[in-house]
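Engineer: File input02.txt below, compact mmCIF, C-alpha atoms:
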```txt
# COMPACT_ATOMS: atom_id res chain seq x y z
CA MET A 1 0.00 0.00 0.00
CA LEU A 2 2.85 2.40 0.89
CA ASP A 3 4.66 1.49 -2.32
CA GLU A 4 1.52 2.28 -4.32
CA LEU A 5 1.09 5.61 -2.50
CA GLN A 6 4.64 6.56 -3.55
CA SER A 7 3.91 5.82 -7.23
CA ALA A 8 4.19 8.87 -9.53
CA ASP A 9 1.21 7.75 -11.65
CA LEU A 10 -1.18 7.48 -8.75
CA ASP A 11 -4.52 9.18 -9.21
CA ILE A 12 -5.40 11.68 -6.47
CA ASP A 13 -8.68 9.94 -5.68
CA LYS A 14 -6.95 6.56 -5.48
CA ALA A 15 -4.28 8.13 -3.26
CA LEU A 16 -6.92 9.55 -0.92
CA GLU A 17 -8.65 6.15 -0.75
CA LEU A 18 -5.41 4.26 -0.12
CA HIS A 19 -4.43 6.70 2.60
CA LYS A 20 -7.80 6.26 4.31
CA GLN A 21 -7.40 2.45 4.16
CA GLY A 22 -3.88 2.79 5.52
CA GLU A 23 -5.06 4.79 8.49
CA LYS A 24 -7.73 2.18 9.27
CA LEU A 25 -5.11 -0.56 9.03
CA VAL A 26 -2.73 1.29 11.36
CA ALA A 27 -5.54 1.79 13.88
CA GLU A 28 -6.31 -1.92 13.75
CA LEU A 29 -2.65 -2.87 14.19
CA GLU A 30 -2.35 -0.53 17.15
CA LYS A 31 -5.38 -2.19 18.69
CA TYR A 32 -3.72 -5.62 18.25
CA LEU A 33 -0.51 -4.29 19.77
CA LYS A 34 -2.36 -2.93 22.78
CA ASN A 35 -4.05 -6.29 23.28
CA ALA A 36 -0.70 -8.11 22.97
CA GLU A 37 0.86 -5.69 25.46
CA ASN A 38 -1.86 -6.47 27.99
CA GLN A 39 -1.39 -10.21 27.54
CA ILE A 40 2.37 -9.94 28.01
CA SER A 41 1.85 -7.90 31.17
CA GLU A 42 -0.50 -10.60 32.43
CA LEU A 43 2.11 -13.27 31.67
CA LYS A 44 4.77 -11.36 33.59
CA LYS A 45 2.72 -11.24 36.81
CA MET B 1 -18.51 -146.37 67.31
CA ASN B 2 -19.13 -145.76 63.67
CA GLU B 3 -16.08 -144.29 61.98
CA LEU B 4 -16.86 -141.48 59.50
CA VAL B 5 -15.30 -142.06 56.16
CA PHE B 6 -15.12 -139.27 53.57
CA SER B 7 -14.02 -139.03 50.08
CA PRO B 8 -11.26 -136.42 49.58
CA THR B 9 -13.72 -134.20 47.72
CA ASP B 10 -16.31 -134.44 50.49
CA PHE B 11 -13.76 -133.82 53.17
CA VAL B 12 -12.42 -130.74 51.35
CA ALA B 13 -16.00 -129.49 51.01
CA ILE B 14 -16.71 -130.08 54.71
CA LEU B 15 -13.52 -128.35 55.77
CA ASN B 16 -14.34 -125.37 53.54
CA GLN B 17 -17.85 -125.18 54.99
CA THR B 18 -16.40 -125.28 58.50
CA LEU B 19 -13.87 -122.61 57.68
CA GLU B 20 -16.52 -120.42 56.02
CA TYR B 21 -18.69 -120.72 59.09
CA ALA B 22 -15.99 -120.25 61.72
CA TYR B 23 -13.55 -117.90 59.97
CA PRO B 24 -15.10 -116.41 56.82
CA VAL B 25 -12.53 -113.61 56.86
CA VAL B 26 -9.28 -113.58 58.81
CA ALA B 27 -6.61 -110.93 59.33
CA ILE B 28 -3.09 -112.29 59.63
CA GLU B 29 0.14 -110.42 60.14
CA GLY B 30 3.44 -111.95 59.12
CA GLU B 31 6.50 -111.69 56.95
CA ILE B 32 6.38 -112.15 53.18
CA ALA B 33 8.36 -115.00 51.63
CA ASN B 34 8.54 -116.34 48.07
CA PHE B 35 6.76 -113.31 46.64
CA ARG B 36 6.05 -113.57 42.94
CA VAL B 37 3.71 -112.14 40.31
CA SER B 38 2.43 -114.39 37.54
CA ARG B 39 1.63 -113.01 34.07
CA GLY B 40 1.36 -109.55 35.54
CA LYS B 41 -2.00 -110.50 36.98
CA TRP B 42 -1.79 -112.95 39.87
CA VAL B 43 0.24 -112.62 43.01
CA TYR B 44 1.53 -115.48 45.13
CA PHE B 45 3.49 -115.41 48.36
CA ASP B 46 3.81 -117.09 51.75
CA ILE B 47 3.10 -115.26 54.98
CA LYS B 48 5.16 -116.69 57.82
CA ASP B 49 6.50 -116.32 61.31
CA GLU B 50 9.22 -118.28 63.12
CA THR B 51 7.42 -121.59 62.97
CA SER B 52 4.58 -121.44 60.45
CA SER B 53 3.98 -120.46 56.88
CA LEU B 54 0.70 -119.96 54.96
CA ARG B 55 0.26 -119.67 51.21
CA CYS B 56 -1.49 -116.52 49.92
CA PHE B 57 -3.09 -115.93 46.53
CA GLY B 58 -4.71 -112.83 45.02
CA SER B 59 -4.86 -110.27 42.23
CA VAL B 60 -2.18 -107.64 41.68
CA TYR B 61 -4.89 -104.99 41.91
CA MET B 62 -5.10 -105.70 45.63
CA LEU B 63 -1.50 -104.70 46.20
CA PRO B 64 -0.95 -101.34 47.91
CA GLY B 65 2.22 -100.98 45.82
CA PRO B 66 5.36 -102.99 45.17
CA LEU B 67 6.13 -105.61 47.84
CA GLU B 68 9.09 -107.85 48.42
CA ASP B 69 10.24 -110.70 50.63
CA GLY B 70 10.99 -109.79 54.23
CA MET B 71 8.32 -107.11 54.50
CA VAL B 72 5.79 -107.46 57.31
CA VAL B 73 2.20 -107.19 56.07
CA ARG B 74 -1.30 -107.62 57.34
CA VAL B 75 -3.52 -109.55 54.98
CA THR B 76 -7.26 -109.84 55.07
CA ALA B 77 -8.31 -113.04 53.38
CA ASN B 78 -10.75 -115.92 53.08
CA PRO B 79 -9.13 -119.20 54.21
CA ARG B 80 -9.76 -121.93 51.67
CA LEU B 81 -8.65 -125.52 51.09
CA HIS B 82 -8.16 -126.05 47.38
CA PRO B 83 -9.06 -129.56 46.07
CA LEU B 84 -5.69 -129.83 44.34
CA TYR B 85 -3.37 -127.15 45.68
CA ASN B 86 -4.04 -127.48 49.41
CA PHE B 87 -4.62 -124.68 51.85
CA SER B 88 -4.32 -121.00 50.86
CA LEU B 89 -5.50 -117.57 51.91
CA ASN B 90 -7.52 -115.86 49.16
CA LEU B 91 -6.53 -112.25 49.54
CA GLN B 92 -9.02 -109.43 50.01
CA SER B 93 -6.55 -106.75 51.02
CA ILE B 94 -2.92 -106.42 52.00
CA VAL B 95 -1.16 -103.60 53.80
CA PRO B 96 2.40 -103.26 55.05
CA VAL B 97 2.67 -102.92 58.84
CA GLY B 98 5.46 -101.75 61.08
CA GLU B 99 7.63 -98.75 60.40
CA GLY B 100 10.33 -100.69 58.59
CA SER B 101 7.97 -102.39 56.18
CA LEU B 102 5.96 -99.26 55.56
CA LYS B 103 9.15 -97.38 54.75
CA ARG B 104 10.40 -100.15 52.53
CA ALA B 105 7.04 -100.31 50.70
CA ALA B 106 7.10 -96.56 50.23
CA ASP B 107 10.68 -96.71 48.95
CA LEU B 108 9.80 -99.40 46.41
CA LEU B 109 6.73 -97.49 45.24
CA ARG B 110 8.69 -94.28 45.09
CA ALA B 111 11.31 -95.89 42.86
CA LYS B 112 8.62 -97.31 40.60
CA LEU B 113 6.66 -94.07 40.25
CA GLU B 114 9.82 -92.01 39.90
CA LYS B 115 10.74 -94.17 36.94
CA GLU B 116 7.34 -93.41 35.42
CA GLY B 117 8.02 -89.69 35.86
CA LEU B 118 5.18 -88.99 38.31
CA PHE B 119 7.41 -86.82 40.48
CA ASP B 120 9.06 -84.99 37.59
CA PRO B 121 9.36 -81.24 38.39
CA ALA B 122 8.38 -80.51 34.78
CA ARG B 123 4.88 -81.84 35.56
CA LYS B 124 4.30 -79.32 38.32
CA ARG B 125 1.71 -76.67 37.57
CA LEU B 126 1.50 -73.21 39.06
CA LEU B 127 -1.19 -72.85 41.69
CA PRO B 128 -3.72 -70.04 41.33
CA TYR B 129 -2.98 -67.31 43.86
CA PRO B 130 -5.22 -66.77 45.63
CA PRO B 131 -7.72 -69.31 44.29
CA GLU B 132 -11.36 -68.21 44.38
CA THR B 133 -12.58 -71.76 44.96
CA ILE B 134 -10.82 -74.53 46.89
CA GLY B 135 -11.65 -78.21 47.08
CA LEU B 136 -10.59 -79.43 50.52
CA ILE B 137 -10.13 -83.15 51.07
CA THR B 138 -9.63 -84.14 54.69
CA SER B 139 -11.49 -85.40 57.72
CA LYS B 140 -14.04 -82.91 59.07
CA GLU B 141 -13.19 -83.92 62.62
CA SER B 142 -9.44 -83.46 62.21
CA ALA B 143 -7.26 -80.69 63.56
CA ALA B 144 -5.96 -80.33 60.01
CA TYR B 145 -9.40 -79.20 58.81
CA ALA B 146 -9.78 -76.73 61.68
CA ASP B 147 -6.24 -75.34 61.26
CA PHE B 148 -6.54 -74.93 57.50
CA VAL B 149 -9.93 -73.16 57.63
CA LYS B 150 -8.88 -70.98 60.57
CA VAL B 151 -5.58 -69.81 59.07
CA LEU B 152 -7.18 -69.22 55.66
CA GLY B 153 -9.92 -67.10 57.24
CA GLN B 154 -7.41 -65.07 59.26
CA ARG B 155 -5.25 -64.35 56.24
CA TRP B 156 -7.73 -63.75 53.41
CA GLY B 157 -11.53 -63.81 53.44
CA GLY B 158 -14.02 -64.55 50.71
CA LEU B 159 -12.54 -67.81 49.42
CA HIS B 160 -15.09 -70.50 48.71
CA ILE B 161 -14.27 -73.95 50.12
CA THR B 162 -15.92 -77.15 48.91
CA HIS B 163 -15.13 -79.76 51.54
CA CYS B 164 -15.10 -83.51 51.00
CA ASP B 165 -15.10 -85.40 54.28
CA VAL B 166 -12.88 -88.51 54.04
CA GLN B 167 -11.16 -91.01 56.28
CA VAL B 168 -7.48 -90.11 56.35
CA GLN B 169 -6.23 -93.29 57.96
CA GLY B 170 -7.16 -96.93 58.05
CA ASP B 171 -8.03 -99.47 55.40
CA VAL B 172 -10.78 -97.41 53.77
CA ALA B 173 -8.75 -94.20 53.60
CA PRO B 174 -7.08 -94.76 50.20
CA ALA B 175 -10.37 -95.54 48.42
CA ASP B 176 -12.06 -92.65 50.24
CA ILE B 177 -9.37 -90.16 49.20
CA VAL B 178 -9.24 -91.40 45.60
CA GLY B 179 -13.04 -91.17 45.39
CA ALA B 180 -12.97 -87.60 46.70
CA ILE B 181 -10.29 -86.52 44.20
CA GLU B 182 -12.26 -88.05 41.32
CA ALA B 183 -15.51 -86.50 42.54
CA MET B 184 -13.93 -83.04 42.75
CA ASN B 185 -12.55 -83.43 39.22
CA GLN B 186 -15.98 -84.41 37.92
CA LEU B 187 -17.87 -81.46 39.40
CA PRO B 188 -19.64 -79.35 36.73
CA LYS B 189 -17.67 -76.37 37.99
CA PRO B 190 -14.53 -77.84 39.60
CA PRO B 191 -12.63 -75.81 42.22
CA GLU B 192 -9.51 -73.97 41.07
CA LEU B 193 -7.34 -75.86 43.54
CA LEU B 194 -7.43 -79.16 45.41
CA VAL B 195 -5.98 -79.25 48.93
CA VAL B 196 -5.42 -82.73 50.39
CA THR B 197 -4.29 -82.61 53.97
CA ARG B 198 -4.10 -84.30 57.36
CA GLY B 199 -2.16 -83.75 60.53
CA GLY B 200 0.74 -85.71 61.92
CA GLY B 201 0.70 -89.31 63.01
CA SER B 202 2.59 -92.56 63.01
CA ALA B 203 3.90 -94.14 59.82
CA GLU B 204 0.82 -96.39 59.80
CA ASP B 205 -1.51 -93.41 60.28
CA LEU B 206 0.00 -91.70 57.25
CA ALA B 207 0.21 -94.87 55.13
CA ALA B 208 -2.80 -93.97 52.97
CA PHE B 209 -0.80 -91.12 51.47
CA ASN B 210 1.87 -93.58 50.34
CA SER B 211 -0.59 -95.87 48.62
CA GLU B 212 -0.25 -96.20 44.88
CA ASN B 213 -3.88 -95.38 44.09
CA VAL B 214 -3.83 -92.15 46.08
CA VAL B 215 -0.51 -91.06 44.59
CA ARG B 216 -1.73 -91.76 41.05
CA ALA B 217 -5.04 -89.96 41.67
CA ILE B 218 -3.15 -86.87 42.81
CA ALA B 219 -0.73 -87.05 39.90
CA THR B 220 -3.54 -87.32 37.35
CA SER B 221 -5.89 -84.75 38.86
CA ARG B 222 -6.91 -82.15 36.27
CA ILE B 223 -7.27 -79.67 39.11
CA PRO B 224 -3.89 -78.41 40.44
CA THR B 225 -3.06 -80.02 43.77
CA LEU B 226 -1.53 -78.90 47.05
CA VAL B 227 -0.81 -81.68 49.52
CA ALA B 228 0.17 -81.25 53.16
CA ILE B 229 0.54 -84.41 55.19
CA GLY B 230 1.76 -84.63 58.77
CA HIS B 231 4.52 -82.44 60.05
CA GLU B 232 7.52 -80.78 58.43
CA VAL B 233 9.63 -83.96 58.72
CA ASP B 234 7.03 -86.25 57.13
CA LEU B 235 7.26 -86.57 53.37
CA SER B 236 4.68 -88.76 51.69
CA LEU B 237 4.59 -89.91 48.08
CA ALA B 238 1.32 -88.02 47.68
CA GLU B 239 3.22 -84.82 48.40
CA LEU B 240 5.89 -85.72 45.86
CA ALA B 241 3.21 -86.24 43.21
CA ALA B 242 1.37 -83.00 44.02
CA ASP B 243 1.94 -79.78 42.15
CA LYS B 244 3.05 -78.24 45.44
CA ARG B 245 3.78 -79.52 48.91
CA ALA B 246 3.11 -77.76 52.19
CA SER B 247 4.71 -78.80 55.46
CA THR B 248 1.52 -78.60 57.55
CA PRO B 249 -2.18 -77.84 57.04
CA SER B 250 -1.59 -74.29 58.34
CA ASN B 251 1.32 -73.89 55.95
CA ALA B 252 -0.97 -75.02 53.09
CA ALA B 253 -3.35 -72.16 53.94
CA GLU B 254 -0.41 -69.75 54.07
CA LEU B 255 0.93 -70.83 50.69
CA ILE B 256 -2.30 -70.16 48.79
CA SER B 257 -3.45 -66.94 50.41
CA PRO B 258 -1.87 -63.55 50.93
CA ASP B 259 -1.79 -62.13 54.45
CA ARG B 260 -4.42 -59.39 54.58
CA LYS B 261 -2.46 -57.36 57.17
CA HIS B 262 0.72 -57.57 55.15
CA VAL B 263 -1.07 -56.61 51.94
CA LEU B 264 -2.67 -53.60 53.64
CA ALA B 265 0.72 -52.52 55.02
CA VAL B 266 2.32 -52.82 51.58
CA LEU B 267 -0.56 -50.91 49.97
CA HIS B 268 -0.26 -48.17 52.60
CA GLU B 269 3.47 -47.92 52.00
CA GLN B 270 2.97 -47.80 48.23
CA ALA B 271 0.26 -45.13 48.58
CA THR B 272 2.62 -43.00 50.69
CA LYS B 273 5.44 -43.40 48.19
CA LEU B 274 3.08 -42.60 45.32
CA ALA B 275 1.84 -39.45 47.05
CA GLU B 276 5.43 -38.33 47.70
CA SER B 277 6.38 -39.03 44.11
CA VAL B 278 3.37 -37.13 42.75
CA SER B 279 4.14 -34.21 45.06
CA VAL B 280 7.74 -34.01 43.83
CA GLN B 281 6.64 -34.29 40.20
CA LEU B 282 4.01 -31.61 40.74
CA LYS B 283 6.58 -29.28 42.27
CA ASP B 284 8.97 -29.88 39.39
CA ALA B 285 6.18 -29.31 36.89
CA ARG B 286 5.23 -26.04 38.58
CA THR B 287 8.84 -24.84 38.43
CA SER B 288 9.05 -25.82 34.77
CA VAL B 289 5.80 -24.03 33.95
CA ALA B 290 6.95 -20.86 35.77
CA GLN B 291 10.25 -20.95 33.91
CA ALA B 292 8.53 -21.50 30.59
CA ARG B 293 6.14 -18.67 31.38
CA THR B 294 9.04 -16.26 32.03
CA GLU B 295 10.84 -17.35 28.88
CA LEU B 296 7.64 -16.96 26.88
CA ALA B 297 7.03 -13.46 28.27
CA VAL B 298 10.59 -12.41 27.38
CA SER B 299 10.27 -13.84 23.90
CA LEU B 300 6.85 -12.26 23.32
CA GLN B 301 8.10 -8.91 24.63
CA ARG B 302 10.88 -9.03 22.06
CA CYS B 303 8.39 -9.79 19.26
CA TYR B 304 6.06 -7.11 20.54
CA SER B 305 8.77 -4.45 20.56
CA LEU B 306 9.76 -5.34 17.02
CA ALA B 307 6.15 -5.24 15.80
CA GLN B 308 5.55 -1.94 17.61
CA HIS B 309 8.61 -0.44 15.93
CA VAL B 310 7.50 -1.62 12.47
CA VAL B 311 3.96 -0.28 12.92
CA ALA B 312 5.27 3.10 14.14
CA ARG B 313 7.56 3.40 11.14
CA GLN B 314 4.79 2.48 8.68
CA LYS B 315 2.44 4.87 10.43
CA ALA B 316 4.95 7.72 10.03
CA LEU B 317 5.46 6.87 6.36
CA LEU B 318 1.71 6.78 5.77
CA ALA B 319 1.35 10.19 7.40
CA ALA B 320 4.08 11.56 5.16
CA LEU B 321 2.29 10.24 2.08
CA ASN B 322 -1.04 11.82 2.99
CA PRO B 323 -2.29 13.54 -0.25
CA GLU B 324 -3.95 16.26 1.84
CA LEU B 325 -0.49 17.54 2.82
CA VAL B 326 0.06 18.59 -0.80
CA LEU B 327 -3.23 20.53 -0.81
CA ARG B 328 -2.12 22.27 2.40
CA LYS B 329 0.81 23.64 0.48
CA GLY B 330 -1.58 25.57 -1.81
CA TYR B 331 -2.30 23.04 -4.52
CA ALA B 332 -5.87 22.35 -5.63
CA VAL B 333 -7.60 19.53 -7.45
CA ILE B 334 -9.81 20.66 -10.43
CA ARG B 335 -12.79 18.47 -11.15
CA THR B 336 -15.46 18.48 -13.80
CA GLU B 337 -19.11 18.82 -12.81
CA GLY B 338 -19.23 15.03 -12.94
CA GLY B 339 -16.41 14.85 -10.37
CA SER B 340 -13.65 13.63 -12.69
CA VAL B 341 -10.18 15.04 -12.04
CA ILE B 342 -8.88 17.32 -14.78
CA LYS B 343 -5.22 16.55 -15.33
CA SER B 344 -4.59 18.57 -18.58
CA ILE B 345 -5.34 22.05 -19.92
CA LYS B 346 -6.64 20.34 -22.96
CA ALA B 347 -9.62 19.14 -20.98
CA LEU B 348 -10.64 22.68 -20.14
CA LYS B 349 -12.91 24.62 -22.48
CA PRO B 350 -14.08 28.20 -22.12
CA GLY B 351 -17.48 28.34 -20.41
CA MET B 352 -17.00 25.10 -18.45
CA GLN B 353 -18.11 24.91 -14.83
CA VAL B 354 -15.49 23.21 -12.61
CA THR B 355 -14.96 22.54 -8.91
CA LEU B 356 -11.74 23.48 -7.07
CA GLN B 357 -10.89 21.17 -4.19
CA LEU B 358 -8.52 22.65 -1.53
CA HIS B 359 -7.30 21.12 1.74
CA ASP B 360 -10.06 22.73 3.81
CA GLY B 361 -12.99 22.90 1.36
CA SER B 362 -14.06 23.32 -2.27
CA ALA B 363 -15.34 26.10 -4.60
CA ARG B 364 -17.11 26.24 -7.96
CA ALA B 365 -15.41 28.19 -10.83
CA HIS B 366 -16.13 29.22 -14.45
CA VAL B 367 -13.51 28.81 -17.18
CA ASP B 368 -13.19 32.03 -19.18
CA GLY B 369 -10.44 30.87 -21.40
CA ALA B 370 -7.76 28.19 -21.74
CA GLU B 371 -4.32 28.60 -23.34
```
Would you put the structure from the file into structure tokens?
Structural biologist:
Amino acid sequence: MLDELQSADLDIDKALELHKQGEKLVAELEKYLKNAENQISELKK
Amino acid sequence: MNELVFSPTDFVAILNQTLEYAYPVVAIEGEIANFRVSRGKWVYFDIKDETSSLRCFGSVYMLPGPLEDGMVVRVTANPRLHPLYNFSLNLQSIVPVGEGSLKRAADLLRAKLEKEGLFDPARKRLLPYPPETIGLITSKESAAYADFVKVLGQRWGGLHITHCDVQVQGDVAPADIVGAIEAMNQLPKPPELLVVTRGGGSAEDLAAFNSENVVRAIATSRIPTLVAIGHEVDLSLAELAADKRASTPSNAAELISPDRKHVLAVLHEQATKLAESVSVQLKDARTSVAQARTELAVSLQRCYSLAQHVVARQKALLAALNPELVLRKGYAVIRTEGGSVIKSIKALKPGMQVTLQLHDGSARAHVDGAE
């Protein structure tokens, strides 16, 4: 997705859409990371 | 006085009538002389003392076992005067008497049966332990019966005993014991083990257990046999033929049953050891789990940190590639009324209505001219 965003031929609308998808994906990954962090903390107790 | 005159035949007949009336059956003890067996079927010998000798005749099936000259025996017989062969005792039964003769008879029988392989250790079968059902052959009135049942009950309960009451000494004992062994073997559901036992006694008291018929019955029993006769020092041929020998009736009970108290003590000891072992294993397992848990946490933390770093970097790159940043710099996107992006001046015609998209909103515009 990042490679596509860096493409010179990318249409502005496609770029806006890809960026929106990327932000959603990052939010989801951060949610997973938070969950993993909690589980590791639990394991350390 | 009229003198009675008989023919030899008449006189023999009269003498036989007199004998039959006065002494139909006699028991005589004496020493064997001139013992011989004819055609494997008939037995002849003289029974004598210091001054007299009587001829005896009978079938080999009446013999208690091998006999030989010099042995002292007691015969039961019908006295008869034969018309041609003179006086003889027609044997009904014959038993050795006196310790020496009994021992000698037992030795001869032992040698004979040993040769046949009746005492071969390879014939011995393992006894069931403990047997659920026991066939007990002994006299109900004997101390042997009481001792066996008492010791068995003390050591291990719940065993089923089928008792066959027999004479264990005297002339009828051998036939009694053989009959009992055969009867036990013919039961629809035979016991798992046969116990033949009696207490101590003199050599004559124990003689039945050295008789050939009893020894053979024990050796051929389909049910495994345990024989305990007399005391520790007594060793009968019946015991040699049995699958296992016990020294006394009490010892017979001990050999076929575990001691309940001992078994409980062993079980208790094993339970304690098992509990200790489980406790140690549990402790070890807990330590291992804790260690694994720590190692897992460390490993996961490492993975987490790496993933967190990657996500942060991608997030920063994504932010840098946000198309809106370009619009913030003053650029605008020109669209047709239909919303399509206009990428070339060639697409613009004077009089067209277009939309200008900026970073914080949009505006409509009219094309006056295009160059």
Engineer: Once you count only C-alpha atoms, which residues of chain A turn out to be within 8 Å of chain B? Could you give them as a list in words?
Structural biologist: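 Putting it all together, I get Leu2, Leu5, Gln6, Ile12, Ala15, Leu16, His19, Gly22, Glu23, Val26, Leu29, Glu30, Leu33, Ala36, Glu37, Ile40, Leu43 and Lys44 of chain A.
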Engineer: Go through B:Val266, B:Ala208, B:Ala253, B:Leu325 and flag the residue nearest B:Pro131, using all atoms listed in the file for the distances.
Structural biologist: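 Looking only at the distances to B:Pro131, the closest residue turns out to be B:Ala253.
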Engineer: Can you tell me how far atom CA of B:Ala316 sits from atom CA of B:Gly330, in Å to one decimal?
Structural biologist: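 Computed distance, atom CA of B:Ala316 to atom CA of B:Gly330, equals 22.4 Å.
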Engineer: For the atom pair atom CA of B:Pro249 and atom CA of B:Glu212, what is the interatomic distance in Å to one decimal place?
Structural biologist: 22.1 Å
Engineer: Find, counting all atoms listed in the file, the residue in B:Gly58, B:Lys346, B:Lys273, B:Lys329 that gets nearest to B:His359.
Structural biologist: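 With all atoms listed in the file as the atom set, the closest residue is B:Lys329.
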Engineer: Which value, in Å to one decimal, gives the distance between atom CA of B:Leu206 and atom CA of B:Gly170?
Structural biologist: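 Value for the atom CA of B:Leu206-atom CA of B:Gly170 distance: 8.9 Å.
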Engineer: Can you tell me, as a VMD selection string, which residues sit within 12 Å of (-2.8, -76.9, 67.6) in the file's frame, using all atoms listed in the file?
Structural biologist: chain B and resid 142 to 148 150 to 151 199 to 200 231 248 to 250
Engineer: How big is the axis-aligned box around the listed atoms of stretch 24-41 of chain A once 8 Å is added on each side, and where is its centre? Give both in Å to one decimal, as lines of an AutoDock Vina configuration file.
Structural biologist:
```
center_x = -2.7
center_y = -4.0
center_z = 20.1
size_x = 26.1
size_y = 28.4
size_z = 38.1
```
Engineer: Residues at most 12 Å from B:Glu31, counting only C-alpha atoms, excluding those fewer than 4 positions away in the same chain, as a list in words?
Structural biologist: Phe35, Phe45, Asp46, Ile47, Lys48, Asp49, Glu50, Thr51, Ser52, Ser53, Leu54, Arg55, Cys56, Leu67, Glu68, Asp69, Gly70, Met71, Val72, Val73, Arg74, Val75, Ile94, Val95, Pro96, Val97, Gly98, Gly100 and Ser101 of chain B
Engineer: Counting all atoms listed in the file, which residues sit no farther than 10 Å from the position (1.5, -84.6, 47.4) in the file's frame? I'd like them as a list of chain:residue names.
Structural biologist: B:Phe119, B:Val195, B:Val196, B:Thr197, B:Phe209, B:Asn210, B:Val214, B:Val215, B:Ile218, B:Ala219, B:Thr225, B:Leu226, B:Val227, B:Ala228, B:Ile229, B:Leu235, B:Ser236, B:Leu237, B:Ala238, B:Glu239, B:Leu240, B:Ala241, B:Ala242, B:Asp243, B:Lys244, B:Arg245, B:Ala246
Engineer: Counting all atoms listed in the file, which residue out of A:Lys34, A:Met1, A:Gln39, A:Asp9 sits closest to A:Gln21?
Structural biologist: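 Once distances to A:Gln21 are computed over all atoms listed in the file, the minimum belongs to A:Met1.
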